[in-house]
Amino acid sequence: MLKRSFTAVIERNIQFKGKLVSEPYETCWATEARWFVNVLEADKDIDLQISSEISPDGLTWCAHETGPVGRKGPGLVSLPLRFLSPWQRLILNTNDNSRPIKVIVYLTLHE
């Protein structure tokens, strides 16, 4: 049987301060996923926390069991997920509401 994989660009070159909630993405067919966040612009002292939320219907959300991962400054970070639900979204939180961060968010799905 041929396995499937797919990469979606969820947010592209988006700037935010404080908190960003990504667009939701339907992932019914996938058995595992990995979020990638490419931090393009950020001060090195801003602590970025990346976590995932799941939903049965794309309307109501709860935290995924996988804990958050952190990043300071520019670079790439990933968050692997197993035991997916039908819908996923990513939460990005910073410790600074006054300075912007610029990111690209990818979601890779695997069967």
# chains A, B, ... in the order shown; residues from 1 in each chain; ligands from 1
$ closest_atom_pairs --of "stretch 17-65 of chain A" --to "stretch 100-111 of chain A" --cutoff "8 Å" --atoms "only C-alpha atoms" --output "Markdown table"
| residue | atom | partner | partner_atom | distance |
| --- | --- | --- | --- | --- |
| A:Lys17 | CA | A:Pro100 | CA | 4.7 |
| A:Gly18 | CA | A:Pro100 | CA | 7.9 |
| A:Thr27 | CA | A:Leu109 | CA | 7.5 |
| A:Trp29 | CA | A:Glu111 | CA | 7.0 |
| A:Ala30 | CA | A:Glu111 | CA | 4.8 |
| A:Thr31 | CA | A:Glu111 | CA | 5.0 |
| A:Glu32 | CA | A:His110 | CA | 5.4 |
| A:Ala33 | CA | A:Leu109 | CA | 4.5 |
| A:Arg34 | CA | A:Thr108 | CA | 5.2 |
| A:Trp35 | CA | A:Leu107 | CA | 4.6 |
| A:Phe36 | CA | A:Tyr106 | CA | 5.0 |
| A:Val37 | CA | A:Val105 | CA | 4.7 |
| A:Asn38 | CA | A:Ile104 | CA | 5.1 |
| A:Val39 | CA | A:Val103 | CA | 4.5 |
| A:Leu40 | CA | A:Val103 | CA | 5.4 |
| A:Glu41 | CA | A:Lys102 | CA | 4.9 |
| A:Ala42 | CA | A:Ile101 | CA | 4.9 |
| A:Asp43 | CA | A:Ile101 | CA | 7.9 |
$ select_by_dssp --residues "chain A" --states "strand (DSSP E or B)" --output "PyMOL selection string"
chain A and resi 5-16+19-21+25-26+32-41+47-55+62-63+69-72+75-82+87-94+101-110
$ write_last_selection --atoms "C-alpha atoms" --output "short mmCIF file (atom, residue, chain, number, x, y, z; two decimals), in the first residue's frame"
data_model
loop_
_atom_site.label_atom_id
_atom_site.label_comp_id
_atom_site.auth_asym_id
_atom_site.auth_seq_id
_atom_site.Cartn_x
_atom_site.Cartn_y
_atom_site.Cartn_z
CA SER A 5 2.14 12.64 2.82
CA PHE A 6 1.20 16.26 2.32
CA THR A 7 2.56 19.66 3.35
CA ALA A 8 0.28 22.68 3.75
CA VAL A 9 1.43 26.25 4.24
CA ILE A 10 -0.97 27.47 6.94
CA GLU A 11 0.38 31.01 7.50
CA ARG A 12 2.86 32.76 5.20
CA ASN A 13 5.04 35.71 6.28
CA ILE A 14 2.55 36.74 8.94
CA GLN A 15 3.49 39.25 11.64
CA PHE A 16 1.93 39.14 15.09
CA LYS A 19 -0.51 35.52 20.38
CA LEU A 20 -1.39 33.97 17.03
CA VAL A 21 -3.99 31.26 16.46
CA TYR A 25 -6.85 22.45 9.03
CA GLU A 26 -8.77 19.21 8.47
CA GLU A 32 0.57 11.65 12.34
CA ALA A 33 1.55 15.25 11.74
CA ARG A 34 4.32 17.72 12.35
CA TRP A 35 4.04 21.48 12.67
CA PHE A 36 6.99 23.54 11.44
CA VAL A 37 7.36 27.20 12.37
CA ASN A 38 10.00 29.16 10.55
CA VAL A 39 10.67 32.27 12.65
CA LEU A 40 11.84 34.83 10.09
CA GLU A 41 12.11 37.88 12.34
CA ASP A 47 10.36 33.56 24.10
CA LEU A 48 8.01 31.92 21.57
CA GLN A 49 5.92 28.96 22.79
CA ILE A 50 4.33 26.70 20.17
CA SER A 51 1.47 24.34 21.01
CA SER A 52 -1.27 22.49 19.14
CA GLU A 53 -5.01 22.34 19.62
CA ILE A 54 -7.39 19.69 18.31
CA SER A 55 -11.10 19.60 17.55
CA CYS A 62 -8.85 21.70 23.37
CA ALA A 63 -5.11 21.35 23.89
CA VAL A 69 8.02 23.64 22.39
CA GLY A 70 9.95 26.88 22.61
CA ARG A 71 12.15 29.02 20.41
CA LYS A 72 14.12 32.23 20.92
CA GLY A 75 15.16 29.77 13.04
CA LEU A 76 13.08 26.67 12.47
CA VAL A 77 11.27 24.69 15.17
CA SER A 78 8.94 21.69 14.92
CA LEU A 79 6.21 20.06 17.00
CA PRO A 80 5.48 16.37 16.22
CA LEU A 81 1.95 15.03 16.82
CA ARG A 82 0.48 11.55 17.09
CA TRP A 87 -9.02 19.14 12.97
CA GLN A 88 -5.71 20.78 14.00
CA ARG A 89 -4.59 24.32 14.67
CA LEU A 90 -1.44 25.89 16.07
CA ILE A 91 -1.12 28.38 18.93
CA LEU A 92 1.89 30.71 19.08
CA ASN A 93 2.41 32.69 22.30
CA THR A 94 5.15 35.15 23.19
CA ILE A 101 7.43 38.34 15.25
CA LYS A 102 7.27 37.23 11.60
CA VAL A 103 6.70 33.54 10.84
CA ILE A 104 5.77 30.95 8.24
CA VAL A 105 3.72 28.00 9.54
CA TYR A 106 3.66 24.61 7.80
CA LEU A 107 1.70 21.48 8.66
CA THR A 108 2.99 18.17 7.32
CA LEU A 109 0.66 15.16 7.37
CA HIS A 110 1.57 11.47 7.03
#
$ atom_distance --atom1 "atom CA of A:Phe83" --atom2 "atom CA of A:Glu23"
19.9 Å
